[in-house]
file coords_13.pdb (PDB, C-alpha atoms)
MODEL        1
ATOM      1  CA  ALA O 300      12.513  21.493 -19.546  1.00  0.00           C
ATOM      2  CA  ALA O 301      15.144  23.797 -21.059  1.00  0.00           C
ATOM      3  CA  GLU O 302      12.675  26.675 -21.227  1.00  0.00           C
ATOM      4  CA  TRP O 303      11.658  26.150 -17.600  1.00  0.00           C
ATOM      5  CA  LEU O 304      15.237  25.879 -16.353  1.00  0.00           C
ATOM      6  CA  TYR O 305      16.975  28.621 -18.323  1.00  0.00           C
ATOM      7  CA  GLY O 306      14.186  31.045 -19.148  1.00  0.00           C
ATOM      8  CA  GLN O 307      12.586  32.199 -22.384  1.00  0.00           C
ATOM      9  CA  ARG O 308      15.477  34.338 -23.670  1.00  0.00           C
ATOM     10  CA  ARG O 309      18.159  31.680 -23.337  1.00  0.00           C
ATOM     11  CA  TYR O 310      15.753  29.078 -24.665  1.00  0.00           C
ATOM     12  CA  ASN O 311      15.026  31.181 -27.769  1.00  0.00           C
ATOM     13  CA  ASN O 312      18.764  31.732 -28.285  1.00  0.00           C
ATOM     14  CA  GLY O 313      19.452  28.013 -28.081  1.00  0.00           C
ATOM     15  CA  GLU O 314      21.796  28.400 -25.119  1.00  0.00           C
ATOM     16  CA  PHE O 315      21.378  24.820 -23.940  1.00  0.00           C
ATOM     17  CA  THR O 316      22.133  21.253 -24.976  1.00  0.00           C
ATOM     18  CA  ILE O 317      19.574  18.447 -24.933  1.00  0.00           C
ATOM     19  CA  ILE O 318      20.898  15.014 -23.965  1.00  0.00           C
ATOM     20  CA  ASN O 319      18.492  12.144 -24.554  1.00  0.00           C
ATOM     21  CA  ASN O 320      18.084   9.230 -22.170  1.00  0.00           C
ATOM     22  CA  GLY O 321      20.003   6.414 -23.780  1.00  0.00           C
ATOM     23  CA  VAL O 322      18.627   2.974 -24.622  1.00  0.00           C
ATOM     24  CA  GLU O 323      20.634  -0.220 -24.989  1.00  0.00           C
ATOM     25  CA  LEU O 324      19.430  -1.008 -28.499  1.00  0.00           C
ATOM     26  CA  ASN O 325      20.860  -4.530 -28.617  1.00  0.00           C
ATOM     27  CA  LYS O 326      19.148  -5.375 -25.334  1.00  0.00           C
ATOM     28  CA  PHE O 327      15.701  -4.313 -26.551  1.00  0.00           C
ATOM     29  CA  LYS O 328      15.710  -5.399 -30.186  1.00  0.00           C
ATOM     30  CA  PHE O 329      13.375  -8.254 -31.050  1.00  0.00           C
ATOM     31  CA  ASN O 330      14.530 -11.758 -30.120  1.00  0.00           C
ATOM     32  CA  LYS O 331      12.309 -14.656 -31.121  1.00  0.00           C
ATOM     33  CA  LYS O 332      13.897 -17.156 -28.714  1.00  0.00           C
ATOM     34  CA  ILE O 333      13.370 -14.882 -25.713  1.00  0.00           C
ATOM     35  CA  ARG O 334       9.799 -14.241 -26.845  1.00  0.00           C
ATOM     36  CA  GLU O 335       8.979 -17.926 -27.015  1.00  0.00           C
ATOM     37  CA  SER O 336      10.674 -18.622 -23.680  1.00  0.00           C
ATOM     38  CA  TYR O 337       8.858 -15.861 -21.803  1.00  0.00           C
ATOM     39  CA  ARG O 338       5.469 -16.564 -23.351  1.00  0.00           C
ATOM     40  CA  LYS O 339       5.821 -20.162 -22.239  1.00  0.00           C
ATOM     41  CA  LYS O 340       6.952 -19.075 -18.774  1.00  0.00           C
ATOM     42  CA  LEU O 341       3.937 -16.766 -18.429  1.00  0.00           C
ATOM     43  CA  ASN O 342       1.574 -19.361 -19.943  1.00  0.00           C
ATOM     44  CA  ILE O 343       0.473 -16.974 -22.694  1.00  0.00           C
ATOM     45  CA  GLU O 344       1.748 -18.902 -25.719  1.00  0.00           C
ATOM     46  CA  ASN O 345      -1.515 -18.722 -27.651  1.00  0.00           C
ATOM     47  CA  LYS O 346      -2.709 -15.346 -26.416  1.00  0.00           C
ATOM     48  CA  PHE O 347      -2.882 -11.872 -27.915  1.00  0.00           C
ATOM     49  CA  VAL O 348      -0.880  -9.888 -25.363  1.00  0.00           C
ATOM     50  CA  ILE O 349      -1.504  -6.209 -24.685  1.00  0.00           C
ATOM     51  CA  GLY O 350       1.359  -4.775 -22.691  1.00  0.00           C
ATOM     52  CA  HIS O 351       2.069  -1.774 -20.493  1.00  0.00           C
ATOM     53  CA  VAL O 352       5.068  -0.762 -18.397  1.00  0.00           C
ATOM     54  CA  GLY O 353       4.730   1.929 -15.752  1.00  0.00           C
ATOM     55  CA  ARG O 354       4.097   2.735 -12.126  1.00  0.00           C
ATOM     56  CA  PHE O 355       0.522   2.480 -10.881  1.00  0.00           C
ATOM     57  CA  ALA O 356      -0.172   6.190 -10.463  1.00  0.00           C
ATOM     58  CA  TYR O 357      -2.643   8.715 -11.875  1.00  0.00           C
ATOM     59  CA  PRO O 358      -0.468   9.992 -14.762  1.00  0.00           C
ATOM     60  CA  LYS O 359      -0.236   6.506 -16.278  1.00  0.00           C
ATOM     61  CA  ASN O 360      -4.045   6.179 -16.475  1.00  0.00           C
ATOM     62  CA  HIS O 361      -4.349   2.469 -15.679  1.00  0.00           C
ATOM     63  CA  ASP O 362      -8.045   2.969 -14.972  1.00  0.00           C
ATOM     64  CA  PHE O 363      -8.718   3.833 -18.609  1.00  0.00           C
ATOM     65  CA  LEU O 364      -6.239   1.211 -19.821  1.00  0.00           C
ATOM     66  CA  ILE O 365      -8.312  -1.484 -18.140  1.00  0.00           C
ATOM     67  CA  ASP O 366     -11.454  -0.075 -19.773  1.00  0.00           C
ATOM     68  CA  ILE O 367      -9.724  -0.296 -23.148  1.00  0.00           C
ATOM     69  CA  PHE O 368      -8.708  -3.870 -22.462  1.00  0.00           C
ATOM     70  CA  ARG O 369     -12.227  -4.815 -21.365  1.00  0.00           C
ATOM     71  CA  SER O 370     -13.589  -3.568 -24.692  1.00  0.00           C
ATOM     72  CA  LEU O 371     -10.819  -5.272 -26.654  1.00  0.00           C
ATOM     73  CA  ASN O 372     -11.285  -8.533 -24.787  1.00  0.00           C
ATOM     74  CA  GLN O 373     -14.948  -8.559 -25.788  1.00  0.00           C
ATOM     75  CA  LYS O 374     -13.816  -8.457 -29.413  1.00  0.00           C
ATOM     76  CA  GLN O 375     -10.857 -10.806 -28.922  1.00  0.00           C
ATOM     77  CA  PRO O 376     -11.564 -13.176 -26.004  1.00  0.00           C
ATOM     78  CA  GLU O 377      -8.090 -14.728 -26.212  1.00  0.00           C
ATOM     79  CA  SER O 378      -6.423 -11.432 -25.305  1.00  0.00           C
ATOM     80  CA  ILE O 379      -4.378 -10.911 -22.148  1.00  0.00           C
ATOM     81  CA  LEU O 380      -3.289  -7.696 -20.438  1.00  0.00           C
ATOM     82  CA  LEU O 381       0.275  -7.741 -19.099  1.00  0.00           C
ATOM     83  CA  LEU O 382       0.929  -4.966 -16.563  1.00  0.00           C
ATOM     84  CA  VAL O 383       4.528  -4.404 -15.491  1.00  0.00           C
ATOM     85  CA  GLY O 384       5.171  -2.196 -12.480  1.00  0.00           C
ATOM     86  CA  ASP O 385       3.849  -1.311  -9.049  1.00  0.00           C
ATOM     87  CA  GLY O 386       2.561   1.726  -7.181  1.00  0.00           C
ATOM     88  CA  ASP O 387      -0.109   3.246  -4.969  1.00  0.00           C
ATOM     89  CA  LEU O 388      -2.977   2.309  -7.301  1.00  0.00           C
ATOM     90  CA  HIS O 389      -1.936  -1.308  -7.771  1.00  0.00           C
ATOM     91  CA  ASP O 390      -4.505  -2.798  -5.382  1.00  0.00           C
ATOM     92  CA  ALA O 391      -7.308  -0.588  -6.715  1.00  0.00           C
ATOM     93  CA  MET O 392      -6.596  -1.683 -10.284  1.00  0.00           C
ATOM     94  CA  ARG O 393      -6.463  -5.341  -9.305  1.00  0.00           C
ATOM     95  CA  LYS O 394      -9.832  -4.919  -7.565  1.00  0.00           C
ATOM     96  CA  LYS O 395     -11.289  -3.238 -10.661  1.00  0.00           C
ATOM     97  CA  CYS O 396     -10.188  -6.166 -12.819  1.00  0.00           C
ATOM     98  CA  ASP O 397     -11.887  -8.588 -10.444  1.00  0.00           C
ATOM     99  CA  ILE O 398     -15.122  -6.570 -10.444  1.00  0.00           C
ATOM    100  CA  LEU O 399     -15.138  -6.501 -14.264  1.00  0.00           C
ATOM    101  CA  GLY O 400     -14.566 -10.254 -14.425  1.00  0.00           C
ATOM    102  CA  LEU O 401     -11.078  -9.821 -15.882  1.00  0.00           C
ATOM    103  CA  GLY O 402      -9.149 -11.273 -12.966  1.00  0.00           C
ATOM    104  CA  ASP O 403      -7.898 -14.283 -14.930  1.00  0.00           C
ATOM    105  CA  LYS O 404      -7.090 -12.202 -18.006  1.00  0.00           C
ATOM    106  CA  VAL O 405      -4.761  -9.615 -16.443  1.00  0.00           C
ATOM    107  CA  ILE O 406      -1.242 -10.425 -15.300  1.00  0.00           C
ATOM    108  CA  PHE O 407       0.299  -8.136 -12.679  1.00  0.00           C
ATOM    109  CA  THR O 408       4.053  -8.748 -12.713  1.00  0.00           C
ATOM    110  CA  GLY O 409       5.087  -6.199 -10.101  1.00  0.00           C
ATOM    111  CA  ILE O 410       8.452  -4.461 -10.375  1.00  0.00           C
ATOM    112  CA  ARG O 411      10.762  -6.404 -12.662  1.00  0.00           C
ATOM    113  CA  SER O 412      14.397  -6.233 -13.679  1.00  0.00           C
ATOM    114  CA  ASP O 413      13.745  -8.087 -16.957  1.00  0.00           C
ATOM    115  CA  VAL O 414      11.518  -5.523 -18.699  1.00  0.00           C
ATOM    116  CA  SER O 415      13.361  -5.950 -21.988  1.00  0.00           C
ATOM    117  CA  ASN O 416      12.411  -9.642 -22.006  1.00  0.00           C
ATOM    118  CA  LEU O 417       8.810  -8.948 -21.019  1.00  0.00           C
ATOM    119  CA  LEU O 418       8.502  -6.600 -24.002  1.00  0.00           C
ATOM    120  CA  GLN O 419       9.439  -9.541 -26.214  1.00  0.00           C
ATOM    121  CA  ALA O 420       6.396 -11.445 -24.917  1.00  0.00           C
ATOM    122  CA  MET O 421       3.953  -8.679 -25.870  1.00  0.00           C
ATOM    123  CA  ASP O 422       2.094  -8.263 -29.163  1.00  0.00           C
ATOM    124  CA  ILE O 423       1.169  -4.593 -28.831  1.00  0.00           C
ATOM    125  CA  PHE O 424       1.842  -1.772 -26.381  1.00  0.00           C
ATOM    126  CA  VAL O 425      -0.902   0.532 -25.047  1.00  0.00           C
ATOM    127  CA  PHE O 426       0.054   3.763 -23.266  1.00  0.00           C
ATOM    128  CA  PRO O 427      -2.927   6.055 -22.511  1.00  0.00           C
ATOM    129  CA  SER O 428      -1.151   8.398 -20.082  1.00  0.00           C
ATOM    130  CA  HIS O 429      -2.759  11.615 -18.883  1.00  0.00           C
ATOM    131  CA  TYR O 430       0.631  13.284 -19.238  1.00  0.00           C
ATOM    132  CA  GLU O 431       4.309  12.389 -19.570  1.00  0.00           C
ATOM    133  CA  GLY O 432       7.688  13.874 -20.226  1.00  0.00           C
ATOM    134  CA  LEU O 433       9.344  11.821 -22.930  1.00  0.00           C
ATOM    135  CA  PRO O 434       8.701   8.205 -21.920  1.00  0.00           C
ATOM    136  CA  VAL O 435      11.781   6.095 -22.587  1.00  0.00           C
ATOM    137  CA  THR O 436       9.567   3.020 -22.319  1.00  0.00           C
ATOM    138  CA  LEU O 437       7.995   3.983 -25.639  1.00  0.00           C
ATOM    139  CA  VAL O 438      11.428   4.254 -27.220  1.00  0.00           C
ATOM    140  CA  GLU O 439      12.264   0.775 -25.944  1.00  0.00           C
ATOM    141  CA  ALA O 440       8.962  -0.610 -27.245  1.00  0.00           C
ATOM    142  CA  GLN O 441       9.646   0.811 -30.712  1.00  0.00           C
ATOM    143  CA  VAL O 442      13.175  -0.600 -30.734  1.00  0.00           C
ATOM    144  CA  ASN O 443      11.531  -3.956 -30.018  1.00  0.00           C
ATOM    145  CA  GLY O 444       9.201  -3.500 -32.972  1.00  0.00           C
ATOM    146  CA  LEU O 445       5.992  -3.266 -30.954  1.00  0.00           C
ATOM    147  CA  ARG O 446       3.079  -1.354 -32.430  1.00  0.00           C
ATOM    148  CA  CYS O 447       2.154   1.287 -29.845  1.00  0.00           C
ATOM    149  CA  PHE O 448      -1.214   2.939 -29.190  1.00  0.00           C
ATOM    150  CA  VAL O 449      -0.514   6.155 -27.339  1.00  0.00           C
ATOM    151  CA  SER O 450      -2.533   9.063 -25.962  1.00  0.00           C
ATOM    152  CA  ASP O 451      -2.263  12.354 -27.836  1.00  0.00           C
ATOM    153  CA  THR O 452      -1.130  14.075 -24.632  1.00  0.00           C
ATOM    154  CA  ILE O 453       2.369  12.599 -25.014  1.00  0.00           C
ATOM    155  CA  THR O 454       5.008  14.565 -26.896  1.00  0.00           C
ATOM    156  CA  LYS O 455       5.366  13.625 -30.568  1.00  0.00           C
ATOM    157  CA  GLN O 456       9.140  13.689 -30.080  1.00  0.00           C
ATOM    158  CA  VAL O 457       8.824  10.087 -28.960  1.00  0.00           C
ATOM    159  CA  ASN O 458       7.405   9.100 -32.377  1.00  0.00           C
ATOM    160  CA  ILE O 459      10.739   7.943 -33.787  1.00  0.00           C
ATOM    161  CA  THR O 460       9.092   5.308 -36.017  1.00  0.00           C
ATOM    162  CA  ASP O 461       5.764   4.733 -37.746  1.00  0.00           C
ATOM    163  CA  LEU O 462       4.864   2.173 -35.059  1.00  0.00           C
ATOM    164  CA  ILE O 463       3.027   4.734 -32.927  1.00  0.00           C
ATOM    165  CA  THR O 464      -0.654   5.538 -33.311  1.00  0.00           C
ATOM    166  CA  ASN O 465      -1.772   8.583 -31.339  1.00  0.00           C
ATOM    167  CA  ILE O 466      -5.364   8.554 -30.075  1.00  0.00           C
ATOM    168  CA  SER O 467      -7.255  11.247 -28.204  1.00  0.00           C
ATOM    169  CA  LEU O 468      -8.007  10.643 -24.550  1.00  0.00           C
ATOM    170  CA  ASN O 469     -11.399  12.176 -25.283  1.00  0.00           C
ATOM    171  CA  SER O 470     -12.200   9.129 -27.388  1.00  0.00           C
ATOM    172  CA  PRO O 471     -14.023   6.326 -25.545  1.00  0.00           C
ATOM    173  CA  ALA O 472     -12.437   3.001 -24.698  1.00  0.00           C
ATOM    174  CA  ASP O 473     -14.430   1.291 -27.463  1.00  0.00           C
ATOM    175  CA  TYR O 474     -12.832   3.589 -30.031  1.00  0.00           C
ATOM    176  CA  TRP O 475      -9.356   2.730 -28.767  1.00  0.00           C
ATOM    177  CA  ALA O 476     -10.197  -0.969 -28.982  1.00  0.00           C
ATOM    178  CA  ASP O 477     -11.518  -0.556 -32.533  1.00  0.00           C
ATOM    179  CA  CYS O 478      -8.309   1.224 -33.571  1.00  0.00           C
ATOM    180  CA  ILE O 479      -6.232  -1.609 -32.133  1.00  0.00           C
ATOM    181  CA  VAL O 480      -8.281  -4.254 -33.951  1.00  0.00           C
ATOM    182  CA  GLU O 481      -8.139  -2.273 -37.187  1.00  0.00           C
ATOM    183  CA  LYS O 482      -4.350  -1.984 -37.142  1.00  0.00           C
ATOM    184  CA  THR O 483      -3.469  -5.454 -35.894  1.00  0.00           C
ATOM    185  CA  ASN O 484      -4.431  -8.975 -36.773  1.00  0.00           C
ATOM    186  CA  LYS O 485      -5.895 -11.223 -34.099  1.00  0.00           C
ATOM    187  CA  TYR O 486      -2.427 -12.548 -33.472  1.00  0.00           C
ATOM    188  CA  VAL O 487       0.436 -10.285 -34.367  1.00  0.00           C
ATOM    189  CA  SER O 488       3.279 -12.058 -36.117  1.00  0.00           C
ATOM    190  CA  SER O 489       6.185 -12.908 -33.861  1.00  0.00           C
ATOM    191  CA  GLU O 490       8.451 -12.239 -36.823  1.00  0.00           C
ATOM    192  CA  ARG O 491       8.368  -8.529 -36.153  1.00  0.00           C
ATOM    193  CA  ILE O 492      11.396  -6.401 -36.813  1.00  0.00           C
ATOM    194  CA  GLY O 493      12.517  -3.793 -34.318  1.00  0.00           C
ATOM    195  CA  THR O 494      14.219  -0.578 -35.275  1.00  0.00           C
ATOM    196  CA  GLU O 495      17.704   0.709 -34.667  1.00  0.00           C
ATOM    197  CA  LYS O 496      17.586   3.356 -37.366  1.00  0.00           C
ATOM    198  CA  ASN O 497      17.163   6.249 -34.959  1.00  0.00           C
ATOM    199  CA  GLU O 498      20.495   6.918 -33.334  1.00  0.00           C
ATOM    200  CA  ASP O 499      19.240   9.728 -31.102  1.00  0.00           C
ATOM    201  CA  PHE O 500      18.634   7.237 -28.274  1.00  0.00           C
ATOM    202  CA  ASP O 501      21.580   4.872 -28.759  1.00  0.00           C
ATOM    203  CA  ILE O 502      23.219   4.821 -25.327  1.00  0.00           C
ATOM    204  CA  ASN O 503      26.679   4.189 -26.787  1.00  0.00           C
ATOM    205  CA  LEU O 504      26.533   7.211 -29.073  1.00  0.00           C
ATOM    206  CA  ILE O 505      25.008   9.376 -26.337  1.00  0.00           C
ATOM    207  CA  ALA O 506      27.794   8.410 -23.927  1.00  0.00           C
ATOM    208  CA  GLN O 507      30.396   9.250 -26.566  1.00  0.00           C
ATOM    209  CA  ASN O 508      28.761  12.601 -27.360  1.00  0.00           C
ATOM    210  CA  LEU O 509      28.496  13.445 -23.659  1.00  0.00           C
ATOM    211  CA  MET O 510      32.180  12.711 -23.128  1.00  0.00           C
ATOM    212  CA  GLU O 511      33.120  14.905 -26.107  1.00  0.00           C
ATOM    213  CA  PHE O 512      30.858  17.655 -24.775  1.00  0.00           C
ATOM    214  CA  TYR O 513      32.594  17.639 -21.381  1.00  0.00           C
ATOM    215  CA  ILE O 514      36.043  17.594 -22.977  1.00  0.00           C
ATOM    216  CA  SER O 515      35.246  20.521 -25.275  1.00  0.00           C
ATOM    217  CA  SER O 516      33.721  22.456 -22.367  1.00  0.00           C
ATOM    218  CA  THR O 517      36.882  22.149 -20.271  1.00  0.00           C
ATOM    219  CA  LYS O 518      39.416  23.039 -22.931  1.00  0.00           C
ATOM    220  CA  GLY O 519      41.372  26.157 -22.125  1.00  0.00           C
ATOM    221  CA  LYS O 520      40.339  26.123 -18.455  1.00  0.00           C
TER     222      LYS O 520
ENDMDL
END

call {"tool": "encode", "arguments": {"input": "coords_13.pdb", "output": "structure tokens"}}
result
Amino acid sequence: AAEWLYGQRRYNNGEFTIINNGVELNKFKFNKKIRESYRKKLNIENKFVIGHVGRFAYPKNHDFLIDIFRSLNQKQPESILLLVGDGDLHDAMRKKCDILGLGDKVIFTGIRSDVSNLLQAMDIFVFPSHYEGLPVTLVEAQVNGLRCFVSDTITKQVNITDLITNISLNSPADYWADCIVEKTNKYVSSERIGTEKNEDFDINLIAQNLMEFYISSTKGK
């Protein structure tokens, strides 16, 4: 973004400042009580929950995500796909699930204001986007301690923990499903531990740094 906005010369000279999108770490860190409450509310207490948060649009690649889930569900019949969001492709994806016989295994939540709590209910996070900027959703998922399976088209800058596994979009859905099974047990422990070790996305620190940046920029003017 800096290179596009300021040009190659200024980019090479470092004449810009990057400010990350902040995340409320305390809001997204793992909470066992919220997890149990939301899993009960969604009637998924004894399920292996694959989660995704994003608008239903081409970049997010829901079509392939459903293929991955279909393959995974064949290996783990007690799995559930939890899709948070809405968009132009919502109806098409719901129809695809029905055609594949997955209608009762996929939960479409629509747009929600309680995404942080829905993350608690998930066991893993799958994000096979065609392309992205730097998805803050993946930062939030890592803060929550979710193991994430992510397409290799997404910038590695989002890999702030060892919870992310990058997989090629050229790999078939069965391969993605095999990778998920290999790296997770049938039921992922709810005793997971999120991460707050990376301060680059702490909204409190970012706000403080931004304020100091503005103050230093206006001195002497």

call {"tool": "resolve_selection", "arguments": {"input": "coords_13.pdb", "expression": "the PyMOL selection byres ((chain O and resi 385) around 10)", "output": "PDB file with C-alpha atoms, in the frame of the given file"}}
result
ATOM      1  CA  VAL O 352       5.068  -0.762 -18.397  1.00  0.00           C
ATOM      2  CA  GLY O 353       4.730   1.929 -15.752  1.00  0.00           C
ATOM      3  CA  ARG O 354       4.097   2.735 -12.126  1.00  0.00           C
ATOM      4  CA  PHE O 355       0.522   2.480 -10.881  1.00  0.00           C
ATOM      5  CA  ALA O 356      -0.172   6.190 -10.463  1.00  0.00           C
ATOM      6  CA  LEU O 382       0.929  -4.966 -16.563  1.00  0.00           C
ATOM      7  CA  VAL O 383       4.528  -4.404 -15.491  1.00  0.00           C
ATOM      8  CA  GLY O 384       5.171  -2.196 -12.480  1.00  0.00           C
ATOM      9  CA  GLY O 386       2.561   1.726  -7.181  1.00  0.00           C
ATOM     10  CA  ASP O 387      -0.109   3.246  -4.969  1.00  0.00           C
ATOM     11  CA  LEU O 388      -2.977   2.309  -7.301  1.00  0.00           C
ATOM     12  CA  HIS O 389      -1.936  -1.308  -7.771  1.00  0.00           C
ATOM     13  CA  ASP O 390      -4.505  -2.798  -5.382  1.00  0.00           C
ATOM     14  CA  PHE O 407       0.299  -8.136 -12.679  1.00  0.00           C
ATOM     15  CA  THR O 408       4.053  -8.748 -12.713  1.00  0.00           C
ATOM     16  CA  GLY O 409       5.087  -6.199 -10.101  1.00  0.00           C
ATOM     17  CA  ILE O 410       8.452  -4.461 -10.375  1.00  0.00           C
ATOM     18  CA  ARG O 411      10.762  -6.404 -12.662  1.00  0.00           C
TER      19      ARG O 411
END

call {"tool": "atom_distance", "arguments": {"input": "coords_13.pdb", "atom1": "CA of Lys331 (chain O)", "atom2": "CA of Asn416 (chain O)"}}
result
10.4 Å

call {"tool": "residues_around", "arguments": {"input": "coords_13.pdb", "residues": "Ile453 (chain O)", "least_positions_apart": "3", "cutoff": "9 Å", "atoms": "all atoms listed in the file", "output": "NGL selection string"}}
result
:O and (427-434 or 449-450 or 456-457 or 465)

call {"tool": "resolve_selection", "arguments": {"input": "coords_13.pdb", "expression": "the PyMOL selection byres ((chain O and resi 469) around 12)", "output": "ChimeraX atom specification"}}
result
/O:363,427,429,450-452,465-468,470-475

call {"tool": "resolve_selection", "arguments": {"input": "coords_13.pdb", "expression": "the PyMOL selection byres ((chain O and resi 350) around 7)", "output": "list of chain:residue names"}}
result
O:Val348, O:Ile349, O:His351, O:Val352, O:Leu380, O:Leu381, O:Leu382, O:Met421, O:Ile423, O:Phe424, O:Val425

call {"tool": "decode", "arguments": {"input": "coords_13.pdb", "residues": "region 350-365 of chain O", "atoms": "N, CA, C and O atoms", "output": "short mmCIF file (atom, residue, chain, number, x, y, z; two decimals), in the first residue's frame"}}
result
data_model
loop_
_atom_site.label_atom_id
_atom_site.label_comp_id
_atom_site.auth_asym_id
_atom_site.auth_seq_id
_atom_site.Cartn_x
_atom_site.Cartn_y
_atom_site.Cartn_z
N GLY O 350 -14.53 -22.91 11.54
CA GLY O 350 -15.08 -21.58 11.46
C GLY O 350 -14.49 -20.72 10.36
O GLY O 350 -13.38 -20.96 9.88
N HIS O 351 -15.27 -19.73 9.94
CA HIS O 351 -14.83 -18.74 8.97
C HIS O 351 -15.61 -17.46 9.20
O HIS O 351 -16.80 -17.49 9.49
N VAL O 352 -14.90 -16.33 9.09
CA VAL O 352 -15.54 -15.02 9.21
C VAL O 352 -15.19 -14.21 7.98
O VAL O 352 -14.01 -14.03 7.67
N GLY O 353 -16.20 -13.74 7.25
CA GLY O 353 -15.92 -12.94 6.07
C GLY O 353 -17.16 -12.77 5.19
O GLY O 353 -18.09 -13.57 5.26
N ARG O 354 -17.13 -11.73 4.39
CA ARG O 354 -18.27 -11.47 3.51
C ARG O 354 -18.32 -12.53 2.40
O ARG O 354 -17.29 -13.06 1.97
N PHE O 355 -19.51 -12.83 1.96
CA PHE O 355 -19.70 -13.83 0.91
C PHE O 355 -19.44 -13.18 -0.45
O PHE O 355 -20.36 -12.68 -1.11
N ALA O 356 -18.18 -13.19 -0.84
CA ALA O 356 -17.75 -12.57 -2.10
C ALA O 356 -16.58 -13.38 -2.65
O ALA O 356 -15.93 -14.14 -1.91
N TYR O 357 -16.30 -13.23 -3.92
CA TYR O 357 -15.29 -14.03 -4.60
C TYR O 357 -13.95 -14.10 -3.87
O TYR O 357 -13.39 -15.20 -3.72
N PRO O 358 -13.39 -12.98 -3.40
CA PRO O 358 -12.06 -13.05 -2.77
C PRO O 358 -11.99 -14.04 -1.61
O PRO O 358 -10.94 -14.66 -1.39
N LYS O 359 -13.09 -14.21 -0.89
CA LYS O 359 -13.07 -15.06 0.31
C LYS O 359 -13.11 -16.55 -0.03
O LYS O 359 -12.81 -17.40 0.81
N ASN O 360 -13.54 -16.89 -1.26
CA ASN O 360 -13.45 -18.28 -1.74
C ASN O 360 -14.31 -19.26 -0.93
O ASN O 360 -13.86 -20.37 -0.61
N HIS O 361 -15.53 -18.87 -0.63
CA HIS O 361 -16.43 -19.78 0.10
C HIS O 361 -16.70 -21.07 -0.68
O HIS O 361 -16.92 -22.13 -0.08
N ASP O 362 -16.71 -20.97 -1.99
CA ASP O 362 -16.98 -22.14 -2.82
C ASP O 362 -16.00 -23.27 -2.51
O ASP O 362 -16.39 -24.42 -2.30
N PHE O 363 -14.73 -22.92 -2.45
CA PHE O 363 -13.69 -23.91 -2.14
C PHE O 363 -13.74 -24.30 -0.66
O PHE O 363 -13.50 -25.46 -0.31
N LEU O 364 -14.07 -23.35 0.20
CA LEU O 364 -14.19 -23.64 1.63
C LEU O 364 -15.22 -24.74 1.87
O LEU O 364 -15.00 -25.66 2.68
N ILE O 365 -16.33 -24.67 1.17
CA ILE O 365 -17.36 -25.70 1.32
C ILE O 365 -16.87 -27.04 0.79
O ILE O 365 -17.18 -28.10 1.36
#
